[in-house]
Structures are given as structure tokens and as C-alpha cells.
file structure18.cif (mmCIF, C-alpha atoms; chains and numbers go by the auth columns)
data_query
#
loop_
_atom_site.group_PDB
_atom_site.id
_atom_site.type_symbol
_atom_site.label_atom_id
_atom_site.label_comp_id
_atom_site.label_asym_id
_atom_site.label_seq_id
_atom_site.Cartn_x
_atom_site.Cartn_y
_atom_site.Cartn_z
_atom_site.B_iso_or_equiv
_atom_site.auth_seq_id
_atom_site.auth_asym_id
ATOM 1 C CA MET A 1 102.332 123.682 8.441 0.00 1 A
ATOM 2 C CA LYS A 2 100.967 121.891 11.464 0.00 2 A
ATOM 3 C CA ASN A 3 103.603 120.790 13.964 0.00 3 A
ATOM 4 C CA ARG A 4 103.914 117.037 13.516 0.00 4 A
ATOM 5 C CA ALA A 5 106.937 116.464 15.754 0.00 5 A
ATOM 6 C CA ASP A 6 104.997 114.079 18.008 0.00 6 A
ATOM 7 C CA GLU A 7 104.063 111.963 14.968 0.00 7 A
ATOM 8 C CA VAL A 8 107.746 111.779 14.021 0.00 8 A
ATOM 9 C CA ILE A 9 108.673 110.744 17.573 0.00 9 A
ATOM 10 C CA TYR A 10 105.961 108.073 17.573 0.00 10 A
ATOM 11 C CA LEU A 11 107.235 106.721 14.246 0.00 11 A
ATOM 12 C CA MET A 12 110.800 106.636 15.606 0.00 12 A
ATOM 13 C CA ARG A 13 109.717 104.723 18.699 0.00 13 A
ATOM 14 C CA GLN A 14 107.694 102.188 16.683 0.00 14 A
ATOM 15 C CA TYR A 15 110.515 101.250 14.347 0.00 15 A
ATOM 16 C CA PRO A 16 111.724 97.734 15.223 0.00 16 A
ATOM 17 C CA GLY A 17 115.402 97.785 16.174 0.00 17 A
ATOM 18 C CA HIS A 18 115.644 101.511 15.553 0.00 18 A
ATOM 19 C CA ALA A 19 118.745 103.535 16.368 0.00 19 A
ATOM 20 C CA PHE A 20 116.748 105.646 18.816 0.00 20 A
ATOM 21 C CA SER A 21 115.962 102.783 21.205 0.00 21 A
ATOM 22 C CA ASP A 22 118.931 103.604 23.445 0.00 22 A
ATOM 23 C CA MET A 23 118.097 107.306 23.595 0.00 23 A
ATOM 24 C CA LYS A 24 116.155 108.494 26.617 0.00 24 A
ATOM 25 C CA ALA A 25 112.607 109.449 25.652 0.00 25 A
ATOM 26 C CA CYS A 26 112.898 112.960 27.108 0.00 26 A
ATOM 27 C CA LEU A 27 116.054 113.652 25.084 0.00 27 A
ATOM 28 C CA LEU A 28 114.536 112.324 21.852 0.00 28 A
ATOM 29 C CA MET A 29 111.390 114.414 22.369 0.00 29 A
ATOM 30 C CA ASN A 30 113.395 117.574 23.017 0.00 30 A
ATOM 31 C CA LEU A 31 115.692 116.996 20.027 0.00 31 A
ATOM 32 C CA VAL A 32 112.887 116.308 17.560 0.00 32 A
ATOM 33 C CA ARG A 33 110.718 119.183 18.785 0.00 33 A
ATOM 34 C CA TYR A 34 113.694 121.550 18.562 0.00 34 A
ATOM 35 C CA GLU A 35 114.548 120.263 15.089 0.00 35 A
ATOM 36 C CA TRP A 36 110.944 120.649 13.925 0.00 36 A
ATOM 37 C CA ASN A 37 110.874 124.275 15.069 0.00 37 A
ATOM 38 C CA SER A 38 114.262 124.972 13.437 0.00 38 A
ATOM 39 C CA ASN A 39 112.870 124.149 9.964 0.00 39 A
ATOM 40 C CA ARG A 40 116.021 122.124 9.220 0.00 40 A
ATOM 41 C CA TRP A 41 114.147 119.017 8.189 0.00 41 A
ATOM 42 C CA ALA A 42 112.678 117.247 5.176 0.00 42 A
ATOM 43 C CA MET A 43 109.547 115.111 5.136 0.00 43 A
ATOM 44 C CA VAL A 44 107.848 112.779 2.665 0.00 44 A
ATOM 45 C CA VAL A 45 104.134 112.013 3.068 0.00 45 A
ATOM 46 C CA ASP A 46 101.738 109.782 1.159 0.00 46 A
ATOM 47 C CA GLU A 47 98.417 110.738 -0.444 0.00 47 A
ATOM 48 C CA ASP A 48 96.692 110.283 2.952 0.00 48 A
ATOM 49 C CA ASN A 49 99.217 112.689 4.540 0.00 49 A
ATOM 50 C CA ARG A 50 100.863 109.898 6.574 0.00 50 A
ATOM 51 C CA ILE A 51 104.517 110.543 7.270 0.00 51 A
ATOM 52 C CA LEU A 52 106.587 108.081 5.233 0.00 52 A
ATOM 53 C CA GLY A 53 109.953 109.541 6.160 0.00 53 A
ATOM 54 C CA TRP A 54 111.576 112.421 7.991 0.00 54 A
ATOM 55 C CA MET A 55 115.155 113.702 8.162 0.00 55 A
ATOM 56 C CA SER A 56 116.649 116.552 10.198 0.00 56 A
ATOM 57 C CA TRP A 57 120.071 118.167 10.206 0.00 57 A
ATOM 58 C CA TYR A 58 122.422 120.631 11.861 0.00 58 A
ATOM 59 C CA CYS A 59 125.362 122.539 10.378 0.00 59 A
ATOM 60 C CA PHE A 60 128.681 122.375 12.259 0.00 60 A
ATOM 61 C CA ASP A 61 132.276 123.518 11.867 0.00 61 A
ATOM 62 C CA THR A 62 135.034 120.927 11.368 0.00 62 A
ATOM 63 C CA PRO A 63 136.113 120.543 15.047 0.00 63 A
ATOM 64 C CA SER A 64 132.485 120.104 16.121 0.00 64 A
ATOM 65 C CA LEU A 65 131.837 117.554 13.390 0.00 65 A
ATOM 66 C CA LEU A 66 134.935 115.561 14.394 0.00 66 A
ATOM 67 C CA SER A 67 133.697 115.523 18.007 0.00 67 A
ATOM 68 C CA ILE A 68 130.341 114.193 16.819 0.00 68 A
ATOM 69 C CA ARG A 69 132.051 111.553 14.693 0.00 69 A
ATOM 70 C CA ASP A 70 134.140 110.405 17.672 0.00 70 A
ATOM 71 C CA ARG A 71 131.552 110.689 20.468 0.00 71 A
ATOM 72 C CA GLY A 72 128.144 110.956 18.793 0.00 72 A
ATOM 73 C CA LEU A 73 125.877 113.972 19.108 0.00 73 A
ATOM 74 C CA VAL A 74 124.307 112.780 22.346 0.00 74 A
ATOM 75 C CA GLY A 75 127.770 112.013 23.756 0.00 75 A
ATOM 76 C CA CYS A 76 128.819 115.590 22.993 0.00 76 A
ATOM 77 C CA TYR A 77 125.732 116.881 24.809 0.00 77 A
ATOM 78 C CA TYR A 78 126.356 114.682 27.848 0.00 78 A
ATOM 79 C CA GLN A 79 130.052 115.686 27.963 0.00 79 A
ATOM 80 C CA ASN A 80 129.247 119.410 27.515 0.00 80 A
ATOM 81 C CA ILE A 81 131.401 119.675 24.393 0.00 81 A
ATOM 82 C CA PRO A 82 130.721 122.993 22.642 0.00 82 A
ATOM 83 C CA LEU A 83 129.400 122.637 19.091 0.00 83 A
ATOM 84 C CA ASN A 84 129.658 125.536 16.648 0.00 84 A
ATOM 85 C CA ASP A 85 127.817 126.423 13.462 0.00 85 A
ATOM 86 C CA GLY A 86 129.702 125.816 10.228 0.00 86 A
ATOM 87 C CA GLN A 87 129.925 124.442 6.693 0.00 87 A
ATOM 88 C CA HIS A 88 129.314 120.740 7.342 0.00 88 A
ATOM 89 C CA VAL A 89 125.815 119.258 7.380 0.00 89 A
ATOM 90 C CA PHE A 90 125.207 116.567 9.983 0.00 90 A
ATOM 91 C CA VAL A 91 122.037 114.507 9.535 0.00 91 A
ATOM 92 C CA CYS A 92 120.884 114.066 13.091 0.00 92 A
ATOM 93 C CA ASN A 93 117.666 112.090 12.820 0.00 93 A
ATOM 94 C CA SER A 94 116.227 110.096 9.980 0.00 94 A
ATOM 95 C CA ILE A 95 113.379 107.647 9.922 0.00 95 A
ATOM 96 C CA VAL A 96 111.535 105.861 7.126 0.00 96 A
ATOM 97 C CA ARG A 97 108.295 104.039 7.866 0.00 97 A
ATOM 98 C CA PRO A 98 108.863 100.245 7.746 0.00 98 A
ATOM 99 C CA GLY A 99 107.931 98.673 4.423 0.00 99 A
ATOM 100 C CA GLN A 100 108.606 101.785 2.338 0.00 100 A
ATOM 101 C CA PRO A 101 110.812 101.591 -0.759 0.00 101 A
ATOM 102 C CA VAL A 102 114.364 102.932 -0.642 0.00 102 A
ATOM 103 C CA LYS A 103 113.269 105.855 -2.845 0.00 103 A
ATOM 104 C CA VAL A 104 111.693 107.483 0.239 0.00 104 A
ATOM 105 C CA PHE A 105 115.131 107.691 1.885 0.00 105 A
ATOM 106 C CA ARG A 106 116.705 108.880 -1.367 0.00 106 A
ATOM 107 C CA ASN A 107 114.079 111.612 -1.733 0.00 107 A
ATOM 108 C CA LEU A 108 114.793 112.786 1.821 0.00 108 A
ATOM 109 C CA ARG A 109 118.537 112.773 1.181 0.00 109 A
ATOM 110 C CA ASN A 110 118.112 114.744 -2.043 0.00 110 A
ATOM 111 C CA MET A 111 115.937 117.310 -0.237 0.00 111 A
ATOM 112 C CA VAL A 112 118.720 117.787 2.331 0.00 112 A
ATOM 113 C CA TYR A 113 121.308 118.217 -0.447 0.00 113 A
ATOM 114 C CA GLU A 114 119.066 120.785 -2.136 0.00 114 A
ATOM 115 C CA ALA A 115 118.518 122.765 1.075 0.00 115 A
ATOM 116 C CA ASN A 116 122.274 122.904 1.786 0.00 116 A
ATOM 117 C CA LYS A 117 123.855 123.646 -1.609 0.00 117 A
ATOM 118 C CA GLY A 118 126.348 126.141 -0.161 0.00 118 A
ATOM 119 C CA LYS A 119 127.728 123.735 2.457 0.00 119 A
ATOM 120 C CA GLN A 120 130.845 121.563 2.044 0.00 120 A
ATOM 121 C CA THR A 121 129.894 118.056 3.172 0.00 121 A
ATOM 122 C CA ILE A 122 126.969 115.973 4.337 0.00 122 A
ATOM 123 C CA ASN A 123 127.675 113.614 7.239 0.00 123 A
ATOM 124 C CA ALA A 124 125.781 111.123 9.361 0.00 124 A
ATOM 125 C CA TRP A 125 126.001 108.109 11.553 0.00 125 A
ATOM 126 C CA LEU A 126 124.040 105.643 9.407 0.00 126 A
ATOM 127 C CA CYS A 127 122.183 102.776 11.026 0.00 127 A
ATOM 128 C CA ASN A 128 120.714 100.201 8.678 0.00 128 A
ATOM 129 C CA ARG A 129 117.793 97.843 9.277 0.00 129 A
ATOM 130 C CA LYS A 130 120.180 95.304 10.825 0.00 130 A
ATOM 131 C CA ASN A 131 121.215 97.989 13.363 0.00 131 A
ATOM 132 C CA GLN A 132 124.755 98.181 11.940 0.00 132 A
ATOM 133 C CA GLN A 133 126.306 101.655 12.155 0.00 133 A
ATOM 134 C CA ARG A 134 128.881 103.433 10.013 0.00 134 A
ATOM 135 C CA TRP A 135 130.078 107.010 9.504 0.00 135 A
ATOM 136 C CA PHE A 136 129.004 108.607 6.222 0.00 136 A
ATOM 137 C CA CYS A 137 130.693 111.666 4.670 0.00 137 A
ATOM 138 C CA LYS A 138 130.274 113.051 1.132 0.00 138 A
ATOM 139 C CA PRO A 139 131.005 116.419 -0.469 0.00 139 A
ATOM 140 C CA ILE A 140 127.729 118.153 -1.296 0.00 140 A
ATOM 141 C CA SER A 141 128.848 119.647 -4.607 0.00 141 A
ATOM 142 C CA LYS A 142 130.381 116.428 -5.940 0.00 142 A
ATOM 143 C CA ARG A 143 128.361 113.612 -4.408 0.00 143 A
ATOM 144 C CA ARG A 144 130.348 110.847 -6.074 0.00 144 A
ATOM 145 C CA GLN A 145 133.633 111.860 -4.419 0.00 145 A
ATOM 146 C CA LYS A 146 134.804 110.843 -0.963 0.00 146 A
ATOM 147 C CA CYS A 147 135.613 113.228 1.880 0.00 147 A
ATOM 148 C CA GLN A 148 139.356 113.757 2.094 0.00 148 A
ATOM 149 C CA ASP A 149 139.645 115.872 5.231 0.00 149 A
ATOM 150 C CA LEU A 150 137.162 114.206 7.600 0.00 150 A
#

call {"tool": "encode", "arguments": {"input": "structure18.cif", "output": "C-alpha cells"}}
result
Amino acid sequence: MKNRADEVIYLMRQYPGHAFSDMKACLLMNLVRYEWNSNRWAMVVDEDNRILGWMSWYCFDTPSLLSIRDRGLVGCYYQNIPLNDGQHVFVCNSIVRPGQPVKVFRNLRNMVYEANKGKQTINAWLCNRKNQQRWFCKPISKRRQKCQDL
């Protein structure tokens, strides 16, 4: 598949009030290009092959995930906090083209669940269209339950 990381970055930068507005452009470009090359991402396109939504993730151990929850991923990078591979999925970047139905986000989320069946939890800092943020944590195997240990 053609590398479309720059299209994803453009979409992220065009989103009004997006969560990426405070991130330095060079950091966002490096993160998204790295994530694209890692193949830890899901994408939804329309019939014209326009990107409607994109979501990327990392897998971390519990101490790393707690550091991300407390400081944010970028904060961990800036503070040189070591992050280790593990059983918890952390959705790093997610964008849905403005005006798209919520099913685009749900399809992306379900693709991430499917790609990470053997992992314990899925986690993210969610930022809604009003730019309100909250921590999200759900067990992957039993999506309707809440996380007890994180």
C-alpha cells in the first residue's frame, strides 16, 4: 500500500480544534510516519479512496501505560521516561474527517480490537469535538467491563 502518512498528517492539521494543535509539527510528522511504517494502524477510506479516518496504536507494559496516563505520551518522550512493550494497547493517534458519521470511528476501534485480540486492555486519551479530554480503558476480551487495575 502506498504510504499515505502525509495525508493523515494533513487531515490532523485541518481538523478544527483538534487535539494535535498543541503538538509541534516536527513531532507529529515523526510520530505519524513512524506509526505508518510500523503497520500498527487502521484506516477507513471512501469509494474515492479519500481517508475518512485513521487510528494508530502502541503496546505497552503496565508501568509504561501508567506513565502515559499520568504524563501523556509526548510528556514521557520529553521527560525521557522509558516505555516498554507489553500487553496493553494504547491508541496514540486517531482522526476522523469532519462531517463523517460516528460509525467511522467505531469501525476504526473495532479494527484495533481485532488486530490486538491477545492483549489485555485498550487505552487512550480521548478528545471529543468540544476538545474535552478523558482517559479511556477497557478490557479487550470483555469490552463491556471496566478496567480494574488501571

call {"tool": "atom_distance", "arguments": {"input": "structure18.cif", "atom1": "atom CA of A:Ile9", "atom2": "atom CA of A:Arg134"}}
result
22.8 Å

call {"tool": "resolve_selection", "arguments": {"input": "structure18.cif", "expression": "the PyMOL selection byres ((chain A and resi 63-74) around 9)", "output": "PyMOL selection string"}}
result
chain A and resi 23+27+59-62+75-79+81-86+88-90+92+123-125+135+150

call {"tool": "closest_residue", "arguments": {"input": "structure18.cif", "among": "A:Val91, A:Ala5, A:Leu126, A:Cys137", "to": "A:Ile51", "atoms": "all atoms listed in the file"}}
result
A:Ala5

call {"tool": "resolve_selection", "arguments": {"input": "structure18.cif", "expression": "the PyMOL selection byres ((chain A and resi 32-48) around 10)", "output": "ChimeraX atom specification"}}
result
/A:3-6,8-9,27-31,49-59,91-96,104-105,107-112,115-116

call {"tool": "atom_distance", "arguments": {"input": "structure18.cif", "atom1": "atom CA of A:Asn131", "atom2": "atom CA of A:Val102"}}
result
16.4 Å

call {"tool": "atom_distance", "arguments": {"input": "structure18.cif", "atom1": "atom CA of A:Lys117", "atom2": "atom CA of A:Pro139"}}
result
10.2 Å

call {"tool": "axis_aligned_box", "arguments": {"input": "structure18.cif", "around": "stretch 48-55 of chain A", "padding_each_side": "6 Å", "output": "lines of an AutoDock Vina configuration file"}}
result
center_x = 105.9
center_y = 110.9
center_z = 5.6
size_x = 30.5
size_y = 17.6
size_z = 17.2

call {"tool": "closest_residue", "arguments": {"input": "structure18.cif", "among": "A:Ala25, A:Phe136, A:Pro101, A:Gly118", "to": "A:Arg13", "atoms": "all atoms listed in the file"}}
result
A:Ala25

call {"tool": "build_atoms", "arguments": {"input": "structure18.cif", "residues": "stretch 24-57 of chain A", "atoms": "N, CA and C atoms", "output": "mmCIF file, in the coordinates of the input"}}
result
data_model
loop_
_atom_site.group_PDB
_atom_site.id
_atom_site.type_symbol
_atom_site.label_atom_id
_atom_site.label_comp_id
_atom_site.auth_asym_id
_atom_site.auth_seq_id
_atom_site.Cartn_x
_atom_site.Cartn_y
_atom_site.Cartn_z
ATOM 1 N N LYS A 24 117.208 108.221 25.640
ATOM 2 C CA LYS A 24 116.155 108.494 26.617
ATOM 3 C C LYS A 24 115.014 109.235 25.928
ATOM 4 N N ALA A 25 113.788 108.866 26.295
ATOM 5 C CA ALA A 25 112.607 109.449 25.652
ATOM 6 C C ALA A 25 112.583 110.966 25.765
ATOM 7 N N CYS A 26 112.944 111.499 26.927
ATOM 8 C CA CYS A 26 112.898 112.960 27.108
ATOM 9 C C CYS A 26 113.904 113.657 26.192
ATOM 10 N N LEU A 27 115.060 113.054 25.971
ATOM 11 C CA LEU A 27 116.054 113.652 25.084
ATOM 12 C C LEU A 27 115.571 113.604 23.637
ATOM 13 N N LEU A 28 115.039 112.450 23.215
ATOM 14 C CA LEU A 28 114.536 112.324 21.852
ATOM 15 C C LEU A 28 113.415 113.333 21.601
ATOM 16 N N MET A 29 112.496 113.465 22.537
ATOM 17 C CA MET A 29 111.390 114.414 22.369
ATOM 18 C C MET A 29 111.908 115.840 22.236
ATOM 19 N N ASN A 30 112.851 116.213 23.088
ATOM 20 C CA ASN A 30 113.395 117.574 23.017
ATOM 21 C C ASN A 30 114.150 117.819 21.719
ATOM 22 N N LEU A 31 114.952 116.845 21.281
ATOM 23 C CA LEU A 31 115.692 116.996 20.027
ATOM 24 C C LEU A 31 114.745 117.171 18.847
ATOM 25 N N VAL A 32 113.780 116.270 18.721
ATOM 26 C CA VAL A 32 112.887 116.308 17.560
ATOM 27 C C VAL A 32 112.027 117.565 17.578
ATOM 28 N N ARG A 33 111.527 117.957 18.720
ATOM 29 C CA ARG A 33 110.718 119.183 18.785
ATOM 30 C C ARG A 33 111.557 120.411 18.441
ATOM 31 N N TYR A 34 112.797 120.443 18.917
ATOM 32 C CA TYR A 34 113.694 121.550 18.562
ATOM 33 C C TYR A 34 113.956 121.551 17.054
ATOM 34 N N GLU A 35 114.251 120.369 16.516
ATOM 35 C CA GLU A 35 114.548 120.263 15.089
ATOM 36 C C GLU A 35 113.339 120.671 14.251
ATOM 37 N N TRP A 36 112.144 120.264 14.669
ATOM 38 C CA TRP A 36 110.944 120.649 13.925
ATOM 39 C C TRP A 36 110.840 122.175 13.867
ATOM 40 N N ASN A 37 111.010 122.817 15.005
ATOM 41 C CA ASN A 37 110.874 124.275 15.069
ATOM 42 C C ASN A 37 111.997 125.008 14.343
ATOM 43 N N SER A 38 113.133 124.342 14.130
ATOM 44 C CA SER A 38 114.262 124.972 13.437
ATOM 45 C C SER A 38 114.059 125.041 11.926
ATOM 46 N N ASN A 39 113.113 124.258 11.417
ATOM 47 C CA ASN A 39 112.870 124.149 9.964
ATOM 48 C C ASN A 39 114.053 123.570 9.205
ATOM 49 N N ARG A 40 114.923 122.838 9.886
ATOM 50 C CA ARG A 40 116.021 122.124 9.220
ATOM 51 C C ARG A 40 115.625 120.658 9.140
ATOM 52 N N TRP A 41 114.623 120.380 8.337
ATOM 53 C CA TRP A 41 114.147 119.017 8.189
ATOM 54 C C TRP A 41 113.489 118.855 6.823
ATOM 55 N N ALA A 42 113.372 117.609 6.409
ATOM 56 C CA ALA A 42 112.678 117.247 5.176
ATOM 57 C C ALA A 42 111.698 116.133 5.524
ATOM 58 N N MET A 43 110.562 116.116 4.834
ATOM 59 C CA MET A 43 109.547 115.111 5.136
ATOM 60 C C MET A 43 108.889 114.652 3.840
ATOM 61 N N VAL A 44 108.591 113.362 3.776
ATOM 62 C CA VAL A 44 107.848 112.779 2.665
ATOM 63 C C VAL A 44 106.565 112.201 3.246
ATOM 64 N N VAL A 45 105.430 112.537 2.631
ATOM 65 C CA VAL A 45 104.134 112.013 3.068
ATOM 66 C C VAL A 45 103.463 111.307 1.896
ATOM 67 N N ASP A 46 102.496 110.449 2.216
ATOM 68 C CA ASP A 46 101.738 109.782 1.159
ATOM 69 C C ASP A 46 100.468 110.575 0.848
ATOM 70 N N GLU A 47 99.629 110.027 -0.028
ATOM 71 C CA GLU A 47 98.417 110.738 -0.444
ATOM 72 C C GLU A 47 97.423 110.931 0.705
ATOM 73 N N ASP A 48 97.541 110.131 1.764
ATOM 74 C CA ASP A 48 96.692 110.283 2.952
ATOM 75 C C ASP A 48 97.351 111.167 4.011
ATOM 76 N N ASN A 49 98.464 111.794 3.659
ATOM 77 C CA ASN A 49 99.217 112.689 4.540
ATOM 78 C C ASN A 49 99.886 111.962 5.711
ATOM 79 N N ARG A 50 100.092 110.647 5.571
ATOM 80 C CA ARG A 50 100.863 109.898 6.574
ATOM 81 C C ARG A 50 102.334 110.173 6.333
ATOM 82 N N ILE A 51 103.076 110.331 7.402
ATOM 83 C CA ILE A 51 104.517 110.543 7.270
ATOM 84 C C ILE A 51 105.169 109.226 6.846
ATOM 85 N N LEU A 52 105.848 109.256 5.707
ATOM 86 C CA LEU A 52 106.587 108.081 5.233
ATOM 87 C C LEU A 52 108.046 108.153 5.653
ATOM 88 N N GLY A 53 108.565 109.365 5.763
ATOM 89 C CA GLY A 53 109.953 109.541 6.160
ATOM 90 C C GLY A 53 110.214 110.965 6.594
ATOM 91 N N TRP A 54 111.213 111.104 7.454
ATOM 92 C CA TRP A 54 111.576 112.421 7.991
ATOM 93 C C TRP A 54 113.075 112.432 8.241
ATOM 94 N N MET A 55 113.716 113.568 7.960
ATOM 95 C CA MET A 55 115.155 113.702 8.162
ATOM 96 C C MET A 55 115.444 115.118 8.651
ATOM 97 N N SER A 56 116.284 115.233 9.672
ATOM 98 C CA SER A 56 116.649 116.552 10.198
ATOM 99 C C SER A 56 118.169 116.690 10.216
ATOM 100 N N TRP A 57 118.631 117.936 10.250
ATOM 101 C CA TRP A 57 120.071 118.167 10.206
ATOM 102 C C TRP A 57 120.466 119.411 10.982
#
